[in-house]
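One structure is given below, encoded as structure tokens.
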Protein chains: 2
Amino acid sequence: MTFEVGQSAQVTKRFDQQAVGQFAELSEDFNPVHLDEEYAKNTQFGGTIVHGMLVSSLISGLLGYKMPGQGTIYLGQNLSFKRPVYVGDQVTAIVTIAHIRDDKPIATVKTQVVDQHGKVCVDGEAVVLLPK
Amino acid sequence: MTFEVGQSAQVTKRFDQQAVGQFAELSEDFNPVHLDEEYAKNTQFGGTIVHGMLVSSLISGLLGYKMPGQGTIYLGQNLSFKRPVYVGDQVTAIVTIAHIRDDKPIATVKTQVVDQHGKVCVDGEAVVLLPK
């Protein structure tokens, strides 16, 4: 397969309270800011928010399943959690190849998740070994 | 609450094929290396592996729910995927406060996930705003 700088993929998804509950079980992160609307109302967020790592999992999904896709080896990921994603928000994850090394099939990929207002919620960069 | 450098928490967990399947749905990462034993056998891994982001979710769980715990705000996370975690492996995630800023209640936390052989599978660092 051939890959080039600028190549991109995206996915849009809404995480509902059930999805957040499932992720709480998987991650053992039962922080009530994700699960308890009454509790979350009285925090600075004002409502239940999706786990940042669940939001970011869409990036992993794009890299491993869409672009570069099957055979990609995930080497690293930097994540900066810029804004909360509220339960029920519609988010779009976007991955774009930013750089490919000359000596090895290793790419740096710009990775972002934006909400329905176009605001960046998760910003970062992945490093992947490209599939053959 | 008071926090200090060296403070630590850990959790041990085994991700079975069902958990990996659930995470595939949540993340929309249906890469067969995570789901299809026959396919995975013929990859360099030789068997199904847990999504790196699912393994790393244990770090998020520790930070948000155990140490520093409720009220922590997750600002950022660097992840380096060093070795695969196989479905059924027993992994231990460990978070340790490495630095606390003098001017703000912001901590850098060393974050690692090791497998049952003591090998580091995920290495990295989180930045969090400590709870009041």
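For the structure tokens, the naming scheme is as follows: chains receive sequential letters (A, B, ...) according to their order of presentation, residues are indexed from 1 within each chain, and ligands are indexed from 1 in presentation order.
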
Present chain B as a CSV table (one decimal) with N, CA and C atoms, in the first residue's frame, least-squares fitted onto chain A over all of its C-alpha atoms paired in order.
chain,number,residue,atom,x,y,z
B,1,MET,N,0.8,-1.2,0.0
B,1,MET,CA,0.0,0.0,0.0
B,1,MET,C,0.9,1.2,0.0
B,2,THR,N,0.4,2.3,-0.6
B,2,THR,CA,1.1,3.6,-0.6
B,2,THR,C,0.3,4.6,0.2
B,3,PHE,N,1.1,5.3,1.0
B,3,PHE,CA,0.5,6.4,1.8
B,3,PHE,C,1.2,7.7,1.5
B,4,GLU,N,0.5,8.8,1.7
B,4,GLU,CA,1.1,10.0,1.5
B,4,GLU,C,0.7,11.1,2.5
B,5,VAL,N,1.5,12.1,2.6
B,5,VAL,CA,1.2,13.2,3.6
B,5,VAL,C,-0.1,13.8,3.1
B,6,GLY,N,-1.0,14.1,4.0
B,6,GLY,CA,-2.3,14.8,3.7
B,6,GLY,C,-3.5,13.8,3.7
B,7,GLN,N,-3.1,12.5,3.5
B,7,GLN,CA,-4.2,11.5,3.5
B,7,GLN,C,-4.9,11.5,4.8
B,8,SER,N,-6.2,11.3,4.8
B,8,SER,CA,-7.0,11.6,6.0
B,8,SER,C,-8.2,10.6,6.0
B,9,ALA,N,-8.7,10.4,7.2
B,9,ALA,CA,-10.0,9.6,7.4
B,9,ALA,C,-10.7,10.2,8.6
B,10,GLN,N,-12.0,10.0,8.7
B,10,GLN,CA,-12.8,10.5,9.8
B,10,GLN,C,-14.0,9.7,10.1
B,11,VAL,N,-14.4,9.8,11.3
B,11,VAL,CA,-15.6,9.1,11.8
B,11,VAL,C,-16.4,10.0,12.7
B,12,THR,N,-17.7,9.9,12.6
B,12,THR,CA,-18.6,10.7,13.5
B,12,THR,C,-19.4,9.8,14.4
B,13,LYS,N,-19.5,10.1,15.7
B,13,LYS,CA,-20.2,9.2,16.6
B,13,LYS,C,-20.7,10.0,17.8
B,14,ARG,N,-21.8,9.4,18.4
B,14,ARG,CA,-22.4,10.0,19.6
B,14,ARG,C,-22.2,9.0,20.7
B,15,PHE,N,-21.7,9.3,21.8
B,15,PHE,CA,-21.6,8.4,22.9
B,15,PHE,C,-22.8,8.6,23.9
B,16,ASP,N,-23.6,7.7,24.0
B,16,ASP,CA,-24.8,7.8,25.0
B,16,ASP,C,-24.4,7.3,26.3
B,17,GLN,N,-25.3,7.4,27.3
B,17,GLN,CA,-25.0,7.0,28.7
B,17,GLN,C,-24.7,5.5,28.8
B,18,GLN,N,-25.3,4.7,27.9
B,18,GLN,CA,-25.0,3.3,27.9
B,18,GLN,C,-23.6,3.0,27.5
B,19,ALA,N,-23.1,3.7,26.5
B,19,ALA,CA,-21.7,3.5,26.0
B,19,ALA,C,-20.8,3.9,27.1
B,20,VAL,N,-21.1,5.0,27.7
B,20,VAL,CA,-20.2,5.5,28.8
B,20,VAL,C,-20.2,4.5,30.0
B,21,GLY,N,-21.3,3.9,30.3
B,21,GLY,CA,-21.4,2.9,31.3
B,21,GLY,C,-20.6,1.7,31.0
B,22,GLN,N,-20.6,1.3,29.8
B,22,GLN,CA,-19.8,0.1,29.3
B,22,GLN,C,-18.4,0.4,29.5
B,23,PHE,N,-18.0,1.6,29.1
B,23,PHE,CA,-16.6,1.9,29.1
B,23,PHE,C,-16.1,2.1,30.6
B,24,ALA,N,-17.0,2.5,31.5
B,24,ALA,CA,-16.7,2.6,32.9
B,24,ALA,C,-16.3,1.2,33.4
B,25,GLU,N,-17.1,0.2,33.0
B,25,GLU,CA,-16.8,-1.2,33.4
B,25,GLU,C,-15.5,-1.7,32.9
B,26,LEU,N,-15.2,-1.4,31.6
B,26,LEU,CA,-14.0,-1.9,31.0
B,26,LEU,C,-12.8,-1.2,31.6
B,27,SER,N,-12.9,0.0,31.9
B,27,SER,CA,-11.7,0.8,32.4
B,27,SER,C,-11.6,0.9,33.9
B,28,GLU,N,-12.7,0.4,34.5
B,28,GLU,CA,-12.9,0.5,36.0
B,28,GLU,C,-12.8,2.0,36.4
B,29,ASP,N,-13.3,2.8,35.6
B,29,ASP,CA,-13.3,4.3,35.9
B,29,ASP,C,-14.8,4.6,36.2
B,30,PHE,N,-15.1,4.5,37.4
B,30,PHE,CA,-16.5,4.8,37.9
B,30,PHE,C,-16.7,6.2,38.4
B,31,ASN,N,-15.8,7.1,38.0
B,31,ASN,CA,-15.9,8.5,38.5
B,31,ASN,C,-17.3,9.0,38.1
B,32,PRO,N,-18.0,9.5,39.2
B,32,PRO,CA,-19.5,9.9,38.9
B,32,PRO,C,-19.6,11.0,37.9
B,33,VAL,N,-18.6,11.8,37.6
B,33,VAL,CA,-18.7,12.8,36.7
B,33,VAL,C,-19.1,12.3,35.3
B,34,HIS,N,-18.9,11.0,35.1
B,34,HIS,CA,-19.2,10.3,33.8
B,34,HIS,C,-20.6,9.6,33.9
B,35,LEU,N,-21.0,9.3,35.1
B,35,LEU,CA,-22.1,8.4,35.3
B,35,LEU,C,-23.4,8.9,36.0
B,36,ASP,N,-23.2,9.9,36.8
B,36,ASP,CA,-24.2,10.4,37.7
B,36,ASP,C,-24.6,11.9,37.4
B,37,GLU,N,-25.7,12.0,36.7
B,37,GLU,CA,-26.1,13.4,36.3
B,37,GLU,C,-26.3,14.3,37.4
B,38,GLU,N,-26.8,13.9,38.5
B,38,GLU,CA,-27.0,14.8,39.7
B,38,GLU,C,-25.7,15.3,40.2
B,39,TYR,N,-24.7,14.3,40.4
B,39,TYR,CA,-23.4,14.7,40.8
B,39,TYR,C,-22.7,15.7,39.8
B,40,ALA,N,-22.8,15.3,38.5
B,40,ALA,CA,-22.1,16.0,37.5
B,40,ALA,C,-22.6,17.5,37.4
B,41,LYS,N,-23.9,17.6,37.6
B,41,LYS,CA,-24.5,19.0,37.6
B,41,LYS,C,-23.8,20.0,38.5
B,42,ASN,N,-23.3,19.4,39.6
B,42,ASN,CA,-22.7,20.3,40.6
B,42,ASN,C,-21.2,20.4,40.5
B,43,THR,N,-20.6,19.9,39.4
B,43,THR,CA,-19.2,20.1,39.1
B,43,THR,C,-19.0,21.2,38.1
B,44,GLN,N,-17.8,21.6,37.9
B,44,GLN,CA,-17.6,22.7,36.9
B,44,GLN,C,-18.1,22.4,35.5
B,45,PHE,N,-18.3,21.1,35.2
B,45,PHE,CA,-18.8,20.7,33.9
B,45,PHE,C,-20.3,20.9,33.7
B,46,GLY,N,-21.0,20.8,34.8
B,46,GLY,CA,-22.5,21.0,34.7
B,46,GLY,C,-23.3,19.9,34.1
B,47,GLY,N,-22.6,18.8,33.8
B,47,GLY,CA,-23.4,17.6,33.3
B,47,GLY,C,-22.4,16.5,33.1
B,48,THR,N,-22.9,15.3,32.8
B,48,THR,CA,-22.0,14.1,32.6
B,48,THR,C,-21.2,14.2,31.4
B,49,ILE,N,-19.9,13.9,31.5
B,49,ILE,CA,-19.0,14.0,30.4
B,49,ILE,C,-18.5,12.6,30.0
B,50,VAL,N,-18.1,12.4,28.8
B,50,VAL,CA,-17.6,11.1,28.3
B,50,VAL,C,-16.1,11.0,28.7
B,51,HIS,N,-15.7,9.8,29.1
B,51,HIS,CA,-14.3,9.6,29.5
B,51,HIS,C,-13.4,10.1,28.3
B,52,GLY,N,-12.4,10.8,28.6
B,52,GLY,CA,-11.5,11.3,27.5
B,52,GLY,C,-10.9,10.2,26.7
B,53,MET,N,-10.6,9.1,27.4
B,53,MET,CA,-10.0,7.9,26.7
B,53,MET,C,-11.0,7.2,25.8
B,54,LEU,N,-12.3,7.3,26.1
B,54,LEU,CA,-13.3,6.7,25.2
B,54,LEU,C,-13.4,7.6,24.0
B,55,VAL,N,-13.4,8.9,24.2
B,55,VAL,CA,-13.5,9.8,23.0
B,55,VAL,C,-12.3,9.5,22.1
B,56,SER,N,-11.1,9.3,22.7
B,56,SER,CA,-9.9,9.1,22.0
B,56,SER,C,-9.8,7.8,21.3
B,57,SER,N,-10.6,6.8,21.8
B,57,SER,CA,-10.6,5.5,21.2
B,57,SER,C,-11.0,5.5,19.7
B,58,LEU,N,-11.7,6.6,19.3
B,58,LEU,CA,-12.1,6.7,17.9
B,58,LEU,C,-10.9,6.9,17.0
B,59,ILE,N,-9.9,7.6,17.6
B,59,ILE,CA,-8.6,7.8,16.9
B,59,ILE,C,-8.0,6.5,16.6
B,60,SER,N,-7.9,5.7,17.6
B,60,SER,CA,-7.3,4.3,17.5
B,60,SER,C,-8.1,3.5,16.5
B,61,GLY,N,-9.4,3.6,16.5
B,61,GLY,CA,-10.3,2.9,15.5
B,61,GLY,C,-10.0,3.3,14.1
B,62,LEU,N,-9.8,4.6,13.9
B,62,LEU,CA,-9.5,5.1,12.5
B,62,LEU,C,-8.2,4.6,12.1
B,63,LEU,N,-7.2,4.7,12.9
B,63,LEU,CA,-5.8,4.3,12.5
B,63,LEU,C,-5.7,2.8,12.2
B,64,GLY,N,-6.4,2.0,13.1
B,64,GLY,CA,-6.2,0.5,13.0
B,64,GLY,C,-7.2,-0.1,12.0
B,65,TYR,N,-8.3,0.6,11.7
B,65,TYR,CA,-9.3,0.0,10.9
B,65,TYR,C,-9.6,0.7,9.6
B,66,LYS,N,-9.3,2.0,9.5
B,66,LYS,CA,-9.6,2.7,8.3
B,66,LYS,C,-8.4,3.3,7.5
B,67,MET,N,-7.6,4.1,8.2
B,67,MET,CA,-6.4,4.7,7.6
B,67,MET,C,-5.3,4.9,8.6
B,68,PRO,N,-4.2,4.4,8.5
B,68,PRO,CA,-3.7,3.4,7.4
B,68,PRO,C,-4.5,2.1,7.3
B,69,GLY,N,-5.1,1.7,8.4
B,69,GLY,CA,-5.9,0.4,8.4
B,69,GLY,C,-5.2,-0.8,8.8
B,70,GLN,N,-5.8,-1.9,8.4
B,70,GLN,CA,-5.3,-3.3,8.8
B,70,GLN,C,-3.8,-3.4,8.6
B,71,GLY,N,-3.1,-3.9,9.6
B,71,GLY,CA,-1.7,-4.1,9.5
B,71,GLY,C,-0.9,-3.0,10.1
B,72,THR,N,-1.6,-1.9,10.4
B,72,THR,CA,-0.9,-0.7,11.0
B,72,THR,C,-0.5,-1.1,12.4
B,73,ILE,N,0.7,-0.7,12.9
B,73,ILE,CA,1.1,-1.0,14.2
B,73,ILE,C,1.2,0.4,14.9
B,74,TYR,N,0.5,0.4,16.0
B,74,TYR,CA,0.3,1.7,16.8
B,74,TYR,C,1.6,1.8,17.7
B,75,LEU,N,2.4,2.8,17.5
B,75,LEU,CA,3.6,2.9,18.3
B,75,LEU,C,3.4,3.9,19.5
B,76,GLY,N,2.7,4.9,19.2
B,76,GLY,CA,2.5,5.9,20.3
B,76,GLY,C,1.4,6.9,20.0
B,77,GLN,N,1.0,7.6,21.1
B,77,GLN,CA,-0.1,8.6,20.9
B,77,GLN,C,0.1,9.6,22.0
B,78,ASN,N,0.0,10.9,21.6
B,78,ASN,CA,0.0,12.0,22.6
B,78,ASN,C,-1.4,12.5,22.5
B,79,LEU,N,-2.0,12.8,23.7
B,79,LEU,CA,-3.4,13.3,23.8
B,79,LEU,C,-3.4,14.5,24.6
B,80,SER,N,-4.1,15.5,24.2
B,80,SER,CA,-4.3,16.7,25.0
B,80,SER,C,-5.8,16.9,25.1
B,81,PHE,N,-6.3,16.9,26.3
B,81,PHE,CA,-7.8,17.0,26.5
B,81,PHE,C,-8.1,18.4,26.7
B,82,LYS,N,-8.6,19.0,25.6
B,82,LYS,CA,-8.8,20.5,25.6
B,82,LYS,C,-10.2,20.9,26.1
B,83,ARG,N,-11.2,20.2,25.8
B,83,ARG,CA,-12.6,20.5,26.3
B,83,ARG,C,-13.3,19.2,26.6
B,84,PRO,N,-14.3,19.3,27.5
B,84,PRO,CA,-15.1,18.1,27.7
B,84,PRO,C,-16.0,17.8,26.6
B,85,VAL,N,-16.3,16.5,26.4
B,85,VAL,CA,-17.3,16.0,25.5
B,85,VAL,C,-18.4,15.5,26.4
B,86,TYR,N,-19.6,16.1,26.2
B,86,TYR,CA,-20.8,15.8,27.1
B,86,TYR,C,-21.4,14.5,26.5
B,87,VAL,N,-22.0,13.7,27.4
B,87,VAL,CA,-22.8,12.5,27.0
B,87,VAL,C,-23.8,13.0,26.0
B,88,GLY,N,-23.9,12.4,24.9
B,88,GLY,CA,-24.9,12.7,23.8
B,88,GLY,C,-24.3,13.6,22.8
B,89,ASP,N,-23.2,14.3,23.0
B,89,ASP,CA,-22.6,15.1,22.0
B,89,ASP,C,-22.2,14.3,20.8
B,90,GLN,N,-22.2,15.0,19.6
B,90,GLN,CA,-21.8,14.3,18.4
B,90,GLN,C,-20.4,14.7,18.1
B,91,VAL,N,-19.5,13.8,18.1
B,91,VAL,CA,-18.1,14.1,17.9
B,91,VAL,C,-17.5,13.5,16.6
B,92,THR,N,-16.6,14.2,16.0
B,92,THR,CA,-15.9,13.7,14.8
B,92,THR,C,-14.4,13.6,15.1
B,93,ALA,N,-13.9,12.3,14.9
B,93,ALA,CA,-12.5,12.1,15.0
B,93,ALA,C,-11.9,12.2,13.6
B,94,ILE,N,-10.7,12.8,13.5
B,94,ILE,CA,-10.1,13.0,12.2
B,94,ILE,C,-8.6,12.7,12.3
B,95,VAL,N,-8.1,11.9,11.4
B,95,VAL,CA,-6.7,11.6,11.4
B,95,VAL,C,-6.1,11.9,10.1
B,96,THR,N,-5.0,12.6,10.1
B,96,THR,CA,-4.3,13.0,8.8
B,96,THR,C,-2.8,12.8,8.9
B,97,ILE,N,-2.3,12.1,7.9
B,97,ILE,CA,-0.9,11.8,7.8
B,97,ILE,C,-0.1,13.2,7.7
B,98,ALA,N,0.8,13.4,8.7
B,98,ALA,CA,1.5,14.7,8.7
B,98,ALA,C,2.9,14.5,8.2
B,99,HIS,N,3.5,13.3,8.3
B,99,HIS,CA,4.9,13.1,8.0
B,99,HIS,C,5.1,11.6,7.8
B,100,ILE,N,5.9,11.3,6.8
B,100,ILE,CA,6.4,9.9,6.7
B,100,ILE,C,7.9,9.9,6.6
B,101,ARG,N,8.5,9.1,7.4
B,101,ARG,CA,10.0,9.0,7.4
B,101,ARG,C,10.6,8.5,6.1
B,102,ASP,N,11.7,9.0,5.7
B,102,ASP,CA,12.4,8.5,4.5
B,102,ASP,C,13.0,7.1,4.7
B,103,ASP,N,13.5,6.9,5.9
B,103,ASP,CA,14.3,5.7,6.1
B,103,ASP,C,13.5,4.5,6.5
B,104,LYS,N,12.3,4.7,7.1
B,104,LYS,CA,11.4,3.7,7.6
B,104,LYS,C,10.0,4.0,7.3
B,105,PRO,N,9.1,3.0,7.2
B,105,PRO,CA,7.7,3.2,7.0
B,105,PRO,C,6.9,3.7,8.2
B,106,ILE,N,7.5,4.7,8.9
B,106,ILE,CA,6.9,5.2,10.1
B,106,ILE,C,6.3,6.6,9.8
B,107,ALA,N,5.0,6.7,10.2
B,107,ALA,CA,4.3,8.0,9.9
B,107,ALA,C,3.9,8.7,11.2
B,108,THR,N,3.9,10.0,11.2
B,108,THR,CA,3.3,10.8,12.3
B,108,THR,C,2.0,11.2,11.7
B,109,VAL,N,1.0,11.1,12.6
B,109,VAL,CA,-0.4,11.3,12.1
B,109,VAL,C,-1.0,12.4,13.1
B,110,LYS,N,-1.5,13.4,12.5
B,110,LYS,CA,-2.3,14.4,13.3
B,110,LYS,C,-3.6,13.8,13.7
B,111,THR,N,-4.0,13.9,15.0
B,111,THR,CA,-5.2,13.3,15.5
B,111,THR,C,-6.0,14.3,16.2
B,112,GLN,N,-7.2,14.5,15.8
B,112,GLN,CA,-8.1,15.4,16.5
B,112,GLN,C,-9.5,14.8,16.7
B,113,VAL,N,-10.2,15.3,17.8
B,113,VAL,CA,-11.6,15.0,17.9
B,113,VAL,C,-12.3,16.3,18.1
B,114,VAL,N,-13.3,16.7,17.3
B,114,VAL,CA,-14.0,17.9,17.4
B,114,VAL,C,-15.5,17.6,17.8
B,115,ASP,N,-16.1,18.6,18.4
B,115,ASP,CA,-17.5,18.4,18.8
B,115,ASP,C,-18.4,19.0,17.7
B,116,GLN,N,-19.7,18.9,17.9
B,116,GLN,CA,-20.7,19.4,16.9
B,116,GLN,C,-20.6,20.9,16.7
B,117,HIS,N,-19.9,21.6,17.5
B,117,HIS,CA,-19.7,23.0,17.3
B,117,HIS,C,-18.4,23.3,16.6
B,118,GLY,N,-17.7,22.3,16.2
B,118,GLY,CA,-16.4,22.4,15.6
B,118,GLY,C,-15.2,22.7,16.5
B,119,LYS,N,-15.5,22.7,17.8
B,119,LYS,CA,-14.4,22.9,18.8
B,119,LYS,C,-13.6,21.7,19.0
B,120,VAL,N,-12.3,21.9,19.1
B,120,VAL,CA,-11.4,20.8,19.3
B,120,VAL,C,-11.5,20.3,20.8
B,121,CYS,N,-11.8,19.1,21.0
B,121,CYS,CA,-11.9,18.5,22.3
B,121,CYS,C,-10.7,17.7,22.7
B,122,VAL,N,-10.2,16.9,21.7
B,122,VAL,CA,-8.9,16.2,21.9
B,122,VAL,C,-8.0,16.5,20.8
B,123,ASP,N,-6.8,16.9,21.1
B,123,ASP,CA,-5.8,17.2,20.1
B,123,ASP,C,-4.6,16.3,20.3
B,124,GLY,N,-3.9,16.0,19.3
B,124,GLY,CA,-2.7,15.1,19.5
B,124,GLY,C,-2.1,14.6,18.3
B,125,GLU,N,-1.2,13.7,18.5
B,125,GLU,CA,-0.4,13.1,17.4
B,125,GLU,C,-0.1,11.6,17.7
B,126,ALA,N,-0.3,10.8,16.6
B,126,ALA,CA,0.1,9.4,16.7
B,126,ALA,C,1.3,9.1,15.9
B,127,VAL,N,2.0,8.1,16.3
B,127,VAL,CA,3.1,7.5,15.5
B,127,VAL,C,2.8,6.1,15.2
B,128,VAL,N,2.8,5.7,13.9
B,128,VAL,CA,2.4,4.4,13.5
B,128,VAL,C,3.4,3.8,12.5
B,129,LEU,N,3.5,2.5,12.6
B,129,LEU,CA,4.3,1.8,11.6
B,129,LEU,C,3.3,1.4,10.5
B,130,LEU,N,3.5,1.8,9.3
B,130,LEU,CA,2.6,1.6,8.2
B,130,LEU,C,2.5,0.2,7.7
B,131,PRO,N,1.4,-0.3,7.3
B,131,PRO,CA,1.3,-1.6,6.8
B,131,PRO,C,2.0,-1.8,5.4
B,132,LYS,N,2.5,-3.0,5.2
B,132,LYS,CA,3.2,-3.2,3.9
B,132,LYS,C,2.3,-3.2,2.7

Residue list (strand (DSSP E or B), DSSP) for stretch 5-119 of chain A, as a ChimeraX atom specification: /A:8-14,49,73-81,86,90-100,106-114

Chain B: residues DSSP assigns to alpha helix (DSSP H), reported as a ChimeraX atom specification: /B:17-27,32-35,37-41,52-61

With N, CA and C atoms retained, could you export that selection as a PDB file, in the first residue's frame?
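File produced: selection_4.pdb:
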ATOM      1  N   GLN B  17     -11.939 -11.987  25.619  1.00  0.00           N
ATOM      2  CA  GLN B  17     -12.405 -11.690  24.260  1.00  0.00           C
ATOM      3  C   GLN B  17     -13.707 -10.886  24.263  1.00  0.00           C
ATOM      4  N   GLN B  18     -14.526 -11.092  25.278  1.00  0.00           N
ATOM      5  CA  GLN B  18     -15.784 -10.347  25.347  1.00  0.00           C
ATOM      6  C   GLN B  18     -15.528  -8.855  25.585  1.00  0.00           C
ATOM      7  N   ALA B  19     -14.612  -8.540  26.489  1.00  0.00           N
ATOM      8  CA  ALA B  19     -14.270  -7.139  26.764  1.00  0.00           C
ATOM      9  C   ALA B  19     -13.691  -6.484  25.515  1.00  0.00           C
ATOM     10  N   VAL B  20     -12.846  -7.221  24.819  1.00  0.00           N
ATOM     11  CA  VAL B  20     -12.233  -6.688  23.596  1.00  0.00           C
ATOM     12  C   VAL B  20     -13.305  -6.455  22.532  1.00  0.00           C
ATOM     13  N   GLY B  21     -14.282  -7.351  22.467  1.00  0.00           N
ATOM     14  CA  GLY B  21     -15.398  -7.178  21.530  1.00  0.00           C
ATOM     15  C   GLY B  21     -16.220  -5.945  21.859  1.00  0.00           C
ATOM     16  N   GLN B  22     -16.462  -5.720  23.134  1.00  0.00           N
ATOM     17  CA  GLN B  22     -17.221  -4.530  23.556  1.00  0.00           C
ATOM     18  C   GLN B  22     -16.467  -3.259  23.184  1.00  0.00           C
ATOM     19  N   PHE B  23     -15.163  -3.279  23.412  1.00  0.00           N
ATOM     20  CA  PHE B  23     -14.372  -2.092  23.093  1.00  0.00           C
ATOM     21  C   PHE B  23     -14.322  -1.859  21.584  1.00  0.00           C
ATOM     22  N   ALA B  24     -14.331  -2.935  20.809  1.00  0.00           N
ATOM     23  CA  ALA B  24     -14.359  -2.801  19.343  1.00  0.00           C
ATOM     24  C   ALA B  24     -15.610  -2.042  18.908  1.00  0.00           C
ATOM     25  N   GLU B  25     -16.742  -2.354  19.544  1.00  0.00           N
ATOM     26  CA  GLU B  25     -17.998  -1.666  19.219  1.00  0.00           C
ATOM     27  C   GLU B  25     -17.909  -0.188  19.616  1.00  0.00           C
ATOM     28  N   LEU B  26     -17.408   0.068  20.811  1.00  0.00           N
ATOM     29  CA  LEU B  26     -17.341   1.450  21.309  1.00  0.00           C
ATOM     30  C   LEU B  26     -16.424   2.313  20.447  1.00  0.00           C
ATOM     31  N   SER B  27     -15.287   1.745  20.079  1.00  0.00           N
ATOM     32  CA  SER B  27     -14.259   2.519  19.369  1.00  0.00           C
ATOM     33  C   SER B  27     -14.400   2.406  17.856  1.00  0.00           C
ATOM     34  N   PRO B  32      -9.231  -7.103  12.699  1.00  0.00           N
ATOM     35  CA  PRO B  32      -9.324  -8.522  13.072  1.00  0.00           C
ATOM     36  C   PRO B  32      -8.181  -9.009  13.972  1.00  0.00           C
ATOM     37  N   VAL B  33      -7.100  -8.243  14.058  1.00  0.00           N
ATOM     38  CA  VAL B  33      -6.010  -8.661  14.947  1.00  0.00           C
ATOM     39  C   VAL B  33      -6.484  -8.687  16.406  1.00  0.00           C
ATOM     40  N   HIS B  34      -7.587  -7.970  16.677  1.00  0.00           N
ATOM     41  CA  HIS B  34      -8.148  -7.959  18.027  1.00  0.00           C
ATOM     42  C   HIS B  34      -9.260  -8.987  18.211  1.00  0.00           C
ATOM     43  N   LEU B  35      -9.840  -9.425  17.095  1.00  0.00           N
ATOM     44  CA  LEU B  35     -11.110 -10.140  17.183  1.00  0.00           C
ATOM     45  C   LEU B  35     -11.105 -11.545  16.598  1.00  0.00           C
ATOM     46  N   GLU B  37      -9.100 -14.885  15.925  1.00  0.00           N
ATOM     47  CA  GLU B  37      -7.931 -15.680  16.316  1.00  0.00           C
ATOM     48  C   GLU B  37      -7.224 -16.277  15.088  1.00  0.00           C
ATOM     49  N   GLU B  38      -8.003 -16.744  14.125  1.00  0.00           N
ATOM     50  CA  GLU B  38      -7.404 -17.351  12.923  1.00  0.00           C
ATOM     51  C   GLU B  38      -6.564 -16.342  12.146  1.00  0.00           C
ATOM     52  N   TYR B  39      -7.130 -15.139  11.984  1.00  0.00           N
ATOM     53  CA  TYR B  39      -6.407 -14.066  11.293  1.00  0.00           C
ATOM     54  C   TYR B  39      -5.166 -13.681  12.097  1.00  0.00           C
ATOM     55  N   ALA B  40      -5.352 -13.483  13.406  1.00  0.00           N
ATOM     56  CA  ALA B  40      -4.265 -12.978  14.262  1.00  0.00           C
ATOM     57  C   ALA B  40      -3.085 -13.947  14.313  1.00  0.00           C
ATOM     58  N   LYS B  41      -3.390 -15.245  14.224  1.00  0.00           N
ATOM     59  CA  LYS B  41      -2.342 -16.278  14.245  1.00  0.00           C
ATOM     60  C   LYS B  41      -1.310 -16.050  13.150  1.00  0.00           C
ATOM     61  N   GLY B  52      -4.603  -1.229  22.228  1.00  0.00           N
ATOM     62  CA  GLY B  52      -3.710  -0.457  23.105  1.00  0.00           C
ATOM     63  C   GLY B  52      -4.469   0.576  23.924  1.00  0.00           C
ATOM     64  N   MET B  53      -5.505   1.137  23.316  1.00  0.00           N
ATOM     65  CA  MET B  53      -6.267   2.175  24.002  1.00  0.00           C
ATOM     66  C   MET B  53      -7.140   1.578  25.113  1.00  0.00           C
ATOM     67  N   LEU B  54      -7.541   0.318  24.953  1.00  0.00           N
ATOM     68  CA  LEU B  54      -8.297  -0.346  26.025  1.00  0.00           C
ATOM     69  C   LEU B  54      -7.362  -0.645  27.203  1.00  0.00           C
ATOM     70  N   VAL B  55      -6.183  -1.125  26.899  1.00  0.00           N
ATOM     71  CA  VAL B  55      -5.179  -1.351  27.950  1.00  0.00           C
ATOM     72  C   VAL B  55      -4.934  -0.036  28.694  1.00  0.00           C
ATOM     73  N   SER B  56      -4.773   1.030  27.930  1.00  0.00           N
ATOM     74  CA  SER B  56      -4.444   2.338  28.510  1.00  0.00           C
ATOM     75  C   SER B  56      -5.600   2.941  29.294  1.00  0.00           C
ATOM     76  N   SER B  57      -6.795   2.460  29.043  1.00  0.00           N
ATOM     77  CA  SER B  57      -7.958   3.006  29.749  1.00  0.00           C
ATOM     78  C   SER B  57      -7.839   2.752  31.253  1.00  0.00           C
ATOM     79  N   LEU B  58      -7.075   1.733  31.636  1.00  0.00           N
ATOM     80  CA  LEU B  58      -6.872   1.462  33.068  1.00  0.00           C
ATOM     81  C   LEU B  58      -6.143   2.625  33.740  1.00  0.00           C
ATOM     82  N   ILE B  59      -5.273   3.281  32.990  1.00  0.00           N
ATOM     83  CA  ILE B  59      -4.550   4.448  33.519  1.00  0.00           C
ATOM     84  C   ILE B  59      -5.551   5.547  33.831  1.00  0.00           C
ATOM     85  N   SER B  60      -6.419   5.791  32.878  1.00  0.00           N
ATOM     86  CA  SER B  60      -7.455   6.812  33.058  1.00  0.00           C
ATOM     87  C   SER B  60      -8.333   6.470  34.259  1.00  0.00           C
ATOM     88  N   GLY B  61      -8.649   5.195  34.408  1.00  0.00           N
ATOM     89  CA  GLY B  61      -9.470   4.760  35.536  1.00  0.00           C
ATOM     90  C   GLY B  61      -8.788   5.043  36.868  1.00  0.00           C
TER      91      GLY B  61
END
